[in-house]
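Undergrad: So I've got this file, start29.cif, and it contains mmCIF, N, CA and C atoms:
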data_work
#
loop_
_atom_site.label_atom_id
_atom_site.label_comp_id
_atom_site.auth_asym_id
_atom_site.auth_seq_id
_atom_site.Cartn_x
_atom_site.Cartn_y
_atom_site.Cartn_z
N MET A 95 0.81 -1.20 0.00
CA MET A 95 0.00 0.00 0.00
C MET A 95 0.86 1.26 0.00
N ALA A 96 2.00 1.21 0.65
CA ALA A 96 2.87 2.38 0.70
C ALA A 96 3.33 2.77 -0.70
N ASP A 97 3.56 1.79 -1.57
CA ASP A 97 3.96 2.10 -2.94
C ASP A 97 2.89 2.90 -3.66
N PHE A 98 1.64 2.51 -3.49
CA PHE A 98 0.53 3.22 -4.10
C PHE A 98 0.48 4.66 -3.59
N GLU A 99 0.63 4.84 -2.29
CA GLU A 99 0.61 6.18 -1.70
C GLU A 99 1.77 7.02 -2.22
N ASP A 100 2.95 6.42 -2.29
CA ASP A 100 4.12 7.15 -2.79
C ASP A 100 3.93 7.55 -4.25
N GLU A 101 3.40 6.64 -5.05
CA GLU A 101 3.15 6.94 -6.46
C GLU A 101 2.11 8.04 -6.60
N ASN A 102 1.07 7.97 -5.80
CA ASN A 102 0.02 8.98 -5.85
C ASN A 102 0.56 10.34 -5.43
N MET A 103 1.37 10.38 -4.38
CA MET A 103 1.95 11.64 -3.92
C MET A 103 2.90 12.22 -4.98
N ALA A 104 3.66 11.36 -5.64
CA ALA A 104 4.56 11.83 -6.70
C ALA A 104 3.75 12.42 -7.86
N ALA A 105 2.66 11.77 -8.22
CA ALA A 105 1.81 12.27 -9.30
C ALA A 105 1.19 13.61 -8.92
N LEU A 106 0.75 13.73 -7.68
CA LEU A 106 0.17 14.99 -7.22
C LEU A 106 1.23 16.10 -7.21
N ALA A 107 2.43 15.78 -6.75
CA ALA A 107 3.51 16.77 -6.73
C ALA A 107 3.82 17.26 -8.15
N PHE A 108 3.85 16.33 -9.10
CA PHE A 108 4.09 16.70 -10.49
C PHE A 108 2.97 17.60 -11.00
N SER A 109 1.73 17.26 -10.67
CA SER A 109 0.59 18.08 -11.11
C SER A 109 0.62 19.47 -10.49
N ILE A 110 1.01 19.54 -9.23
CA ILE A 110 1.13 20.85 -8.57
C ILE A 110 2.17 21.70 -9.31
N SER A 111 3.29 21.10 -9.65
CA SER A 111 4.34 21.80 -10.38
C SER A 111 3.85 22.27 -11.75
N ARG A 112 3.14 21.40 -12.43
CA ARG A 112 2.63 21.71 -13.78
C ARG A 112 1.60 22.84 -13.73
N ILE A 113 0.69 22.78 -12.75
CA ILE A 113 -0.33 23.83 -12.64
C ILE A 113 0.31 25.15 -12.23
N TYR A 114 1.33 25.08 -11.38
CA TYR A 114 2.02 26.32 -11.01
C TYR A 114 2.65 26.95 -12.26
N SER A 115 3.25 26.14 -13.11
CA SER A 115 3.83 26.65 -14.36
C SER A 115 2.78 27.33 -15.22
N LEU A 116 1.60 26.74 -15.29
CA LEU A 116 0.49 27.34 -16.02
C LEU A 116 0.10 28.68 -15.39
N LEU A 117 0.04 28.72 -14.07
CA LEU A 117 -0.31 29.95 -13.36
C LEU A 117 0.72 31.04 -13.64
N VAL A 118 1.99 30.69 -13.64
CA VAL A 118 3.05 31.65 -13.95
C VAL A 118 2.86 32.20 -15.36
N GLU A 119 2.56 31.31 -16.30
CA GLU A 119 2.34 31.74 -17.69
C GLU A 119 1.14 32.68 -17.79
N VAL A 120 0.04 32.30 -17.14
CA VAL A 120 -1.17 33.13 -17.18
C VAL A 120 -0.90 34.50 -16.56
N CYS A 121 -0.23 34.52 -15.42
CA CYS A 121 0.05 35.80 -14.76
C CYS A 121 0.92 36.70 -15.63
N GLY A 122 1.77 36.12 -16.44
CA GLY A 122 2.59 36.90 -17.37
C GLY A 122 1.80 37.45 -18.54
N LEU A 123 0.68 36.82 -18.86
CA LEU A 123 -0.16 37.25 -19.98
C LEU A 123 -1.22 38.28 -19.58
N LEU A 124 -1.40 38.50 -18.29
CA LEU A 124 -2.45 39.40 -17.81
C LEU A 124 -2.24 40.82 -18.34
N PRO A 125 -3.33 41.59 -18.46
CA PRO A 125 -3.19 42.97 -18.93
C PRO A 125 -2.17 43.77 -18.08
N ILE A 126 -2.18 43.54 -16.79
CA ILE A 126 -1.15 44.06 -15.89
C ILE A 126 -0.45 42.83 -15.34
N PRO A 127 0.68 42.44 -15.96
CA PRO A 127 1.33 41.18 -15.57
C PRO A 127 1.68 41.14 -14.08
N ILE A 128 1.57 39.95 -13.52
CA ILE A 128 1.93 39.70 -12.13
C ILE A 128 3.15 38.80 -12.15
N ALA A 129 4.24 39.28 -11.58
CA ALA A 129 5.47 38.48 -11.52
C ALA A 129 5.33 37.40 -10.46
N MET A 130 5.68 36.20 -10.84
CA MET A 130 5.63 35.05 -9.93
C MET A 130 7.03 34.47 -9.80
N PRO A 131 7.36 33.89 -8.65
CA PRO A 131 8.68 33.25 -8.50
C PRO A 131 8.83 32.13 -9.53
N ILE A 132 10.00 32.08 -10.17
CA ILE A 132 10.20 31.05 -11.20
C ILE A 132 11.54 30.34 -11.07
N GLU A 133 12.12 30.34 -9.88
CA GLU A 133 13.36 29.59 -9.69
C GLU A 133 13.11 28.11 -9.97
N ARG A 134 14.19 27.37 -10.18
CA ARG A 134 14.07 25.94 -10.50
C ARG A 134 13.31 25.18 -9.43
N GLU A 135 13.66 25.37 -8.18
CA GLU A 135 12.94 24.74 -7.08
C GLU A 135 12.49 25.83 -6.13
N ILE A 136 11.19 25.96 -6.00
CA ILE A 136 10.61 27.04 -5.21
C ILE A 136 9.93 26.45 -3.98
N PRO A 137 10.32 26.89 -2.80
CA PRO A 137 9.65 26.36 -1.60
C PRO A 137 8.21 26.88 -1.49
N THR A 138 7.36 26.09 -0.88
CA THR A 138 5.96 26.52 -0.74
C THR A 138 5.86 27.80 0.08
N SER A 139 6.84 28.06 0.94
CA SER A 139 6.81 29.30 1.72
C SER A 139 6.95 30.53 0.83
N THR A 140 7.43 30.35 -0.39
CA THR A 140 7.52 31.42 -1.37
C THR A 140 6.32 31.39 -2.32
N VAL A 141 5.91 30.19 -2.71
CA VAL A 141 4.81 30.04 -3.66
C VAL A 141 3.49 30.52 -3.07
N ILE A 142 3.18 30.09 -1.87
CA ILE A 142 1.86 30.40 -1.29
C ILE A 142 1.59 31.90 -1.22
N PRO A 143 2.49 32.72 -0.66
CA PRO A 143 2.19 34.17 -0.66
C PRO A 143 2.06 34.77 -2.06
N ALA A 144 2.85 34.26 -3.00
CA ALA A 144 2.77 34.78 -4.37
C ALA A 144 1.41 34.46 -4.99
N VAL A 145 0.93 33.25 -4.78
CA VAL A 145 -0.38 32.86 -5.34
C VAL A 145 -1.50 33.61 -4.61
N GLN A 146 -1.37 33.79 -3.31
CA GLN A 146 -2.36 34.58 -2.57
C GLN A 146 -2.42 36.00 -3.10
N ARG A 147 -1.26 36.57 -3.40
CA ARG A 147 -1.20 37.93 -3.95
C ARG A 147 -1.87 37.98 -5.33
N ALA A 148 -1.62 36.98 -6.15
CA ALA A 148 -2.25 36.94 -7.47
C ALA A 148 -3.78 36.87 -7.34
N ALA A 149 -4.25 36.08 -6.38
CA ALA A 149 -5.70 35.98 -6.16
C ALA A 149 -6.27 37.34 -5.73
N GLU A 150 -5.55 38.04 -4.87
CA GLU A 150 -6.01 39.36 -4.41
C GLU A 150 -6.01 40.38 -5.53
N LEU A 151 -5.03 40.28 -6.43
CA LEU A 151 -4.91 41.25 -7.53
C LEU A 151 -5.86 40.96 -8.69
N ALA A 152 -6.55 39.84 -8.66
CA ALA A 152 -7.46 39.49 -9.76
C ALA A 152 -8.49 40.58 -9.99
N LYS A 153 -9.00 41.14 -8.93
CA LYS A 153 -10.05 42.16 -9.06
C LYS A 153 -9.54 43.48 -9.63
N ASP A 154 -8.21 43.68 -9.60
CA ASP A 154 -7.63 44.92 -10.11
C ASP A 154 -7.23 44.83 -11.58
N GLN A 155 -7.41 43.68 -12.19
CA GLN A 155 -7.05 43.49 -13.59
C GLN A 155 -8.12 44.10 -14.50
N PRO A 156 -7.72 44.81 -15.54
CA PRO A 156 -8.70 45.37 -16.47
C PRO A 156 -9.21 44.31 -17.45
N MET A 157 -10.07 43.46 -16.94
CA MET A 157 -10.68 42.42 -17.76
C MET A 157 -12.06 42.13 -17.16
N GLY A 158 -12.83 41.31 -17.82
CA GLY A 158 -14.19 41.05 -17.39
C GLY A 158 -14.29 40.27 -16.09
N GLU A 159 -15.50 40.27 -15.55
CA GLU A 159 -15.75 39.55 -14.29
C GLU A 159 -15.47 38.05 -14.42
N THR A 160 -15.81 37.49 -15.56
CA THR A 160 -15.56 36.06 -15.77
C THR A 160 -14.08 35.77 -15.68
N GLN A 161 -13.27 36.60 -16.32
CA GLN A 161 -11.83 36.39 -16.32
C GLN A 161 -11.23 36.62 -14.94
N GLU A 162 -11.73 37.62 -14.23
CA GLU A 162 -11.28 37.84 -12.85
C GLU A 162 -11.59 36.60 -12.01
N ALA A 163 -12.80 36.08 -12.19
CA ALA A 163 -13.20 34.89 -11.44
C ALA A 163 -12.35 33.68 -11.81
N GLN A 164 -11.96 33.56 -13.07
CA GLN A 164 -11.12 32.44 -13.48
C GLN A 164 -9.75 32.50 -12.82
N LEU A 165 -9.16 33.69 -12.77
CA LEU A 165 -7.87 33.84 -12.10
C LEU A 165 -8.00 33.53 -10.62
N PHE A 166 -9.00 34.10 -9.98
CA PHE A 166 -9.22 33.87 -8.55
C PHE A 166 -9.48 32.39 -8.28
N THR A 167 -10.32 31.77 -9.09
CA THR A 167 -10.64 30.35 -8.94
C THR A 167 -9.41 29.49 -9.11
N GLY A 168 -8.62 29.76 -10.13
CA GLY A 168 -7.39 29.00 -10.34
C GLY A 168 -6.47 29.10 -9.14
N CYS A 169 -6.34 30.30 -8.60
CA CYS A 169 -5.46 30.50 -7.45
C CYS A 169 -5.96 29.79 -6.20
N ILE A 170 -7.24 29.94 -5.88
CA ILE A 170 -7.72 29.36 -4.62
C ILE A 170 -7.77 27.84 -4.68
N HIS A 171 -8.08 27.29 -5.83
CA HIS A 171 -8.06 25.83 -5.94
C HIS A 171 -6.63 25.30 -5.89
N PHE A 172 -5.70 26.03 -6.47
CA PHE A 172 -4.30 25.65 -6.39
C PHE A 172 -3.84 25.67 -4.93
N LEU A 173 -4.19 26.72 -4.20
CA LEU A 173 -3.81 26.81 -2.79
C LEU A 173 -4.44 25.70 -1.96
N ALA A 174 -5.69 25.38 -2.25
CA ALA A 174 -6.36 24.28 -1.54
C ALA A 174 -5.67 22.96 -1.82
N ALA A 175 -5.23 22.77 -3.05
CA ALA A 175 -4.51 21.54 -3.41
C ALA A 175 -3.20 21.43 -2.63
N ILE A 176 -2.48 22.53 -2.51
CA ILE A 176 -1.23 22.52 -1.73
C ILE A 176 -1.51 22.16 -0.27
N ASP A 177 -2.56 22.73 0.29
CA ASP A 177 -2.92 22.42 1.68
C ASP A 177 -3.23 20.93 1.86
N LEU A 178 -4.02 20.39 0.94
CA LEU A 178 -4.37 18.97 1.03
C LEU A 178 -3.15 18.08 0.81
N TYR A 179 -2.28 18.50 -0.09
CA TYR A 179 -1.05 17.74 -0.32
C TYR A 179 -0.21 17.70 0.96
N ALA A 180 -0.09 18.85 1.62
CA ALA A 180 0.70 18.91 2.86
C ALA A 180 0.08 18.02 3.94
N LEU A 181 -1.23 17.99 4.02
CA LEU A 181 -1.89 17.10 4.98
C LEU A 181 -1.62 15.64 4.64
N CYS A 182 -1.66 15.32 3.36
CA CYS A 182 -1.37 13.94 2.93
C CYS A 182 0.07 13.56 3.22
N ALA A 183 0.98 14.50 3.09
CA ALA A 183 2.38 14.22 3.37
C ALA A 183 2.58 13.90 4.84
N THR A 184 1.76 14.50 5.68
CA THR A 184 1.82 14.23 7.12
C THR A 184 1.15 12.92 7.47
N ARG A 185 -0.03 12.74 6.91
CA ARG A 185 -0.81 11.50 7.15
C ARG A 185 -1.67 11.26 5.92
N TYR A 186 -1.29 10.28 5.15
CA TYR A 186 -1.98 10.01 3.89
C TYR A 186 -3.38 9.47 4.16
N ILE A 187 -4.34 10.13 3.56
CA ILE A 187 -5.73 9.67 3.57
C ILE A 187 -6.23 9.80 2.13
N GLU A 188 -6.78 8.73 1.62
CA GLU A 188 -7.19 8.66 0.21
C GLU A 188 -8.09 9.83 -0.20
N THR A 189 -9.06 10.18 0.64
CA THR A 189 -9.98 11.27 0.26
C THR A 189 -9.26 12.62 0.20
N ARG A 190 -8.25 12.81 1.03
CA ARG A 190 -7.45 14.04 0.94
C ARG A 190 -6.71 14.09 -0.40
N ALA A 191 -6.11 12.97 -0.76
CA ALA A 191 -5.38 12.90 -2.03
C ALA A 191 -6.33 13.15 -3.20
N GLU A 192 -7.52 12.57 -3.13
CA GLU A 192 -8.51 12.79 -4.18
C GLU A 192 -8.96 14.25 -4.22
N GLY A 193 -9.11 14.84 -3.05
CA GLY A 193 -9.47 16.26 -2.98
C GLY A 193 -8.39 17.14 -3.57
N CYS A 194 -7.15 16.80 -3.31
CA CYS A 194 -6.02 17.52 -3.88
C CYS A 194 -6.09 17.45 -5.41
N GLY A 195 -6.29 16.26 -5.92
CA GLY A 195 -6.39 16.08 -7.37
C GLY A 195 -7.56 16.83 -7.97
N ALA A 196 -8.70 16.80 -7.29
CA ALA A 196 -9.88 17.51 -7.79
C ALA A 196 -9.63 19.02 -7.83
N ASN A 197 -9.00 19.55 -6.79
CA ASN A 197 -8.69 20.98 -6.79
C ASN A 197 -7.73 21.35 -7.91
N LEU A 198 -6.80 20.48 -8.20
CA LEU A 198 -5.87 20.74 -9.31
C LEU A 198 -6.60 20.75 -10.64
N ILE A 199 -7.57 19.87 -10.80
CA ILE A 199 -8.37 19.84 -12.04
C ILE A 199 -9.15 21.14 -12.20
N TYR A 200 -9.79 21.61 -11.12
CA TYR A 200 -10.55 22.86 -11.18
C TYR A 200 -9.63 24.05 -11.46
N ALA A 201 -8.46 24.07 -10.81
CA ALA A 201 -7.51 25.16 -11.04
C ALA A 201 -7.05 25.17 -12.50
N GLU A 202 -6.70 23.99 -13.01
CA GLU A 202 -6.22 23.90 -14.39
C GLU A 202 -7.30 24.35 -15.38
N GLU A 203 -8.51 23.91 -15.17
CA GLU A 203 -9.60 24.28 -16.08
C GLU A 203 -9.78 25.80 -16.11
N ALA A 204 -9.83 26.42 -14.94
CA ALA A 204 -10.03 27.87 -14.87
C ALA A 204 -8.86 28.61 -15.51
N LEU A 205 -7.64 28.17 -15.24
CA LEU A 205 -6.47 28.85 -15.77
C LEU A 205 -6.32 28.66 -17.28
N LYS A 206 -6.65 27.48 -17.78
CA LYS A 206 -6.60 27.25 -19.23
C LYS A 206 -7.64 28.11 -19.95
N ASP A 207 -8.84 28.20 -19.38
CA ASP A 207 -9.87 29.04 -19.99
C ASP A 207 -9.42 30.50 -20.02
N LEU A 208 -8.81 30.95 -18.92
CA LEU A 208 -8.32 32.33 -18.87
C LEU A 208 -7.17 32.53 -19.86
N ALA A 209 -6.25 31.58 -19.93
CA ALA A 209 -5.13 31.69 -20.87
C ALA A 209 -5.64 31.81 -22.30
N ARG A 210 -6.63 31.00 -22.64
CA ARG A 210 -7.20 31.04 -23.99
C ARG A 210 -7.78 32.44 -24.26
N TRP A 211 -8.52 32.97 -23.30
CA TRP A 211 -9.13 34.30 -23.45
C TRP A 211 -8.04 35.36 -23.60
N LEU A 212 -7.00 35.26 -22.78
CA LEU A 212 -5.91 36.25 -22.83
C LEU A 212 -5.20 36.23 -24.17
N VAL A 213 -4.95 35.05 -24.71
CA VAL A 213 -4.27 34.94 -26.00
C VAL A 213 -5.14 35.48 -27.13
N ILE A 214 -6.41 35.13 -27.11
CA ILE A 214 -7.33 35.60 -28.14
C ILE A 214 -7.47 37.12 -28.09
N ASN A 215 -7.54 37.67 -26.89
CA ASN A 215 -7.77 39.11 -26.75
C ASN A 215 -6.51 39.95 -26.75
N ALA A 216 -5.36 39.31 -26.80
CA ALA A 216 -4.09 40.05 -26.87
C ALA A 216 -3.96 40.74 -28.21
N ALA A 217 -4.58 40.19 -29.24
CA ALA A 217 -4.49 40.77 -30.58
C ALA A 217 -5.35 42.02 -30.74
N ASP A 218 -6.29 42.21 -29.82
CA ASP A 218 -7.21 43.37 -29.92
C ASP A 218 -6.55 44.66 -29.56
#
Can you give me the file's structure in the form of structure tokens?

TA:
Amino acid sequence: MADFEDENMAALAFSISRIYSLLVEVCGLLPIPIAMPIEREIPTSTVIPAVQRAAELAKDQPMGETQEAQLFTGCIHFLAAIDLYALCATRYIETRAEGCGANLIYAEEALKDLARWLVINAAD
């Protein structure tokens, strides 16, 4: 069973990294870009405040309410996934791991939709 848990945690860690990369890309495409930490290995003590700041700045972006909500949604689901991942690292519980994965899916969906909108509207 420990192998399954280790594999699941590794997959979640990879997904967290991938979604963070998407968030960094989206924040760079915003009408008022938000700089995010992009070092090779970034501790969560650096990532969490940066993502919280991006969520707070969503309302200040000159874009529609839907797009503001997509940025905010992507950020808060990403933060929730990190919290659940940390809990799983302390004591693995299947539903926590599933919750982490679900939050990552919601974050990715919101951020991809926003990225698509930003790219389409960059030409305007």

Undergrad: Grab the atom C of Thr184 in chain A to atom N of Ile136 in chain A distance for me, in Å with one decimal place.

TA: 21.3 Å

Undergrad: Identify which of the residues A:Asn215, A:Asn197, A:Thr138, A:Ser109 lies closest to Gly168 in chain A, counting only N, CA and C atoms when measuring atom-to-atom distances.

TA: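 Of A:Asn215, A:Asn197, A:Thr138, A:Ser109, the one nearest Gly168 in chain A, counting only N, CA and C atoms, is A:Asn197.
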
Undergrad: The PyMOL selection byres (((chain A and resi 196 and name CA) around 12) and name CA) - which residues does that actually catch in the file I just gave you? List them as a PyMOL selection string.

TA: chain A and resi 106+109-110+171-172+174-176+178-179+189-195+197-203

Undergrad: Range 106-167 of chain A: which residues are alpha helix (DSSP H) by DSSP, as a ChimeraX atom specification?

TA: /A:106-123,138-151,159-167

Undergrad: In Å to one decimal, how far is atom N of Val120 in chain A from CA of Lys153 in chain A?

TA: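 Interatomic distance, CA of Lys153 in chain A to atom N of Val120 in chain A: 16.3 Å.
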
Undergrad: For Ala204 in chain A, which residue among A:Met157, A:Ala96, A:Val145, A:Leu165 is the nearest when counting only N, CA and C atoms?

TA: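 When distances to Ala204 in chain A are compared using only N, CA and C atoms, the smallest one comes from A:Leu165.
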
Undergrad: Hey, can you check how far CA of Glu101 in chain A sits from CA of Ile113 in chain A?

TA: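 Those two atoms sit 18.3 Å apart.
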
Undergrad: Fewer than 3 positions away in the same chain doesn't count, so skip those; otherwise give me all residues within 8 Å of range 114-119 of chain A, counting only N, CA and C atoms, as a list in words.

TA: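 Everything that qualifies: Phe108, Ser109, Ile110, Ser111, Gly122, Leu123, Leu124, Ile128, Ala129, Met130, Pro131, Ile132, Gly168, Cys169, Phe172, Glu202, Leu205, Lys206 and Ala209 of chain A.
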
Undergrad: Gln155 in chain A: which residues within 12 Å, counting only C-alpha atoms, same-chain residues fewer than 6 positions away excluded, as number ranges by chain?

TA: A: 121, 123-128, 148-149, 161-166, 212

Undergrad: Output range 122-133 of chain A as a short mmCIF file (atom, residue, chain, number, x, y, z; two decimals), in the coordinates of the input, making sure all heavy atoms are there.

TA:
data_model
loop_
_atom_site.label_atom_id
_atom_site.label_comp_id
_atom_site.auth_asym_id
_atom_site.auth_seq_id
_atom_site.Cartn_x
_atom_site.Cartn_y
_atom_site.Cartn_z
N GLY A 122 1.77 36.12 -16.44
CA GLY A 122 2.59 36.90 -17.37
C GLY A 122 1.80 37.45 -18.54
O GLY A 122 2.21 38.44 -19.15
N LEU A 123 0.68 36.82 -18.86
CA LEU A 123 -0.16 37.25 -19.98
C LEU A 123 -1.22 38.28 -19.58
O LEU A 123 -1.88 38.85 -20.45
CB LEU A 123 -0.88 36.04 -20.59
CG LEU A 123 -0.03 35.01 -21.31
CD1 LEU A 123 -0.88 33.78 -21.67
CD2 LEU A 123 0.59 35.61 -22.57
N LEU A 124 -1.40 38.50 -18.29
CA LEU A 124 -2.45 39.40 -17.81
C LEU A 124 -2.24 40.82 -18.34
O LEU A 124 -1.10 41.21 -18.62
CB LEU A 124 -2.47 39.41 -16.28
CG LEU A 124 -2.96 38.13 -15.62
CD1 LEU A 124 -2.68 38.17 -14.12
CD2 LEU A 124 -4.44 37.91 -15.89
N PRO A 125 -3.33 41.59 -18.46
CA PRO A 125 -3.19 42.97 -18.93
C PRO A 125 -2.17 43.77 -18.08
O PRO A 125 -1.40 44.55 -18.61
CB PRO A 125 -4.59 43.55 -18.77
CG PRO A 125 -5.50 42.35 -18.86
CD PRO A 125 -4.72 41.22 -18.23
N ILE A 126 -2.18 43.54 -16.79
CA ILE A 126 -1.15 44.06 -15.89
C ILE A 126 -0.45 42.83 -15.34
O ILE A 126 -0.94 42.18 -14.41
CB ILE A 126 -1.76 44.90 -14.74
CG1 ILE A 126 -2.58 46.06 -15.30
CG2 ILE A 126 -0.65 45.40 -13.82
CD1 ILE A 126 -3.39 46.80 -14.25
N PRO A 127 0.68 42.44 -15.96
CA PRO A 127 1.33 41.18 -15.57
C PRO A 127 1.68 41.14 -14.08
O PRO A 127 2.01 42.16 -13.47
CB PRO A 127 2.60 41.18 -16.42
CG PRO A 127 2.29 42.06 -17.58
CD PRO A 127 1.39 43.13 -17.03
N ILE A 128 1.57 39.95 -13.52
CA ILE A 128 1.93 39.70 -12.13
C ILE A 128 3.15 38.80 -12.15
O ILE A 128 3.10 37.70 -12.70
CB ILE A 128 0.78 39.03 -11.36
CG1 ILE A 128 -0.47 39.92 -11.36
CG2 ILE A 128 1.22 38.69 -9.93
CD1 ILE A 128 -1.71 39.22 -10.79
N ALA A 129 4.24 39.28 -11.58
CA ALA A 129 5.47 38.48 -11.52
C ALA A 129 5.33 37.40 -10.46
O ALA A 129 4.89 37.67 -9.35
CB ALA A 129 6.66 39.38 -11.21
N MET A 130 5.68 36.20 -10.84
CA MET A 130 5.63 35.05 -9.93
C MET A 130 7.03 34.47 -9.80
O MET A 130 7.81 34.54 -10.76
CB MET A 130 4.67 33.98 -10.48
CG MET A 130 3.25 34.45 -10.71
SD MET A 130 2.38 34.85 -9.20
CE MET A 130 1.97 33.21 -8.63
N PRO A 131 7.36 33.89 -8.65
CA PRO A 131 8.68 33.25 -8.50
C PRO A 131 8.83 32.13 -9.53
O PRO A 131 7.91 31.34 -9.73
CB PRO A 131 8.66 32.68 -7.09
CG PRO A 131 7.53 33.35 -6.39
CD PRO A 131 6.56 33.79 -7.44
N ILE A 132 10.00 32.08 -10.17
CA ILE A 132 10.20 31.05 -11.20
C ILE A 132 11.54 30.34 -11.07
O ILE A 132 12.04 29.78 -12.03
CB ILE A 132 10.06 31.65 -12.62
CG1 ILE A 132 10.99 32.85 -12.82
CG2 ILE A 132 8.63 32.02 -12.92
CD1 ILE A 132 11.08 33.34 -14.24
N GLU A 133 12.12 30.34 -9.88
CA GLU A 133 13.36 29.59 -9.69
C GLU A 133 13.11 28.11 -9.97
O GLU A 133 11.98 27.64 -9.96
CB GLU A 133 13.88 29.74 -8.24
CG GLU A 133 14.26 31.16 -7.87
CD GLU A 133 13.08 32.01 -7.45
OE1 GLU A 133 12.15 31.48 -6.82
OE2 GLU A 133 13.06 33.20 -7.79
#
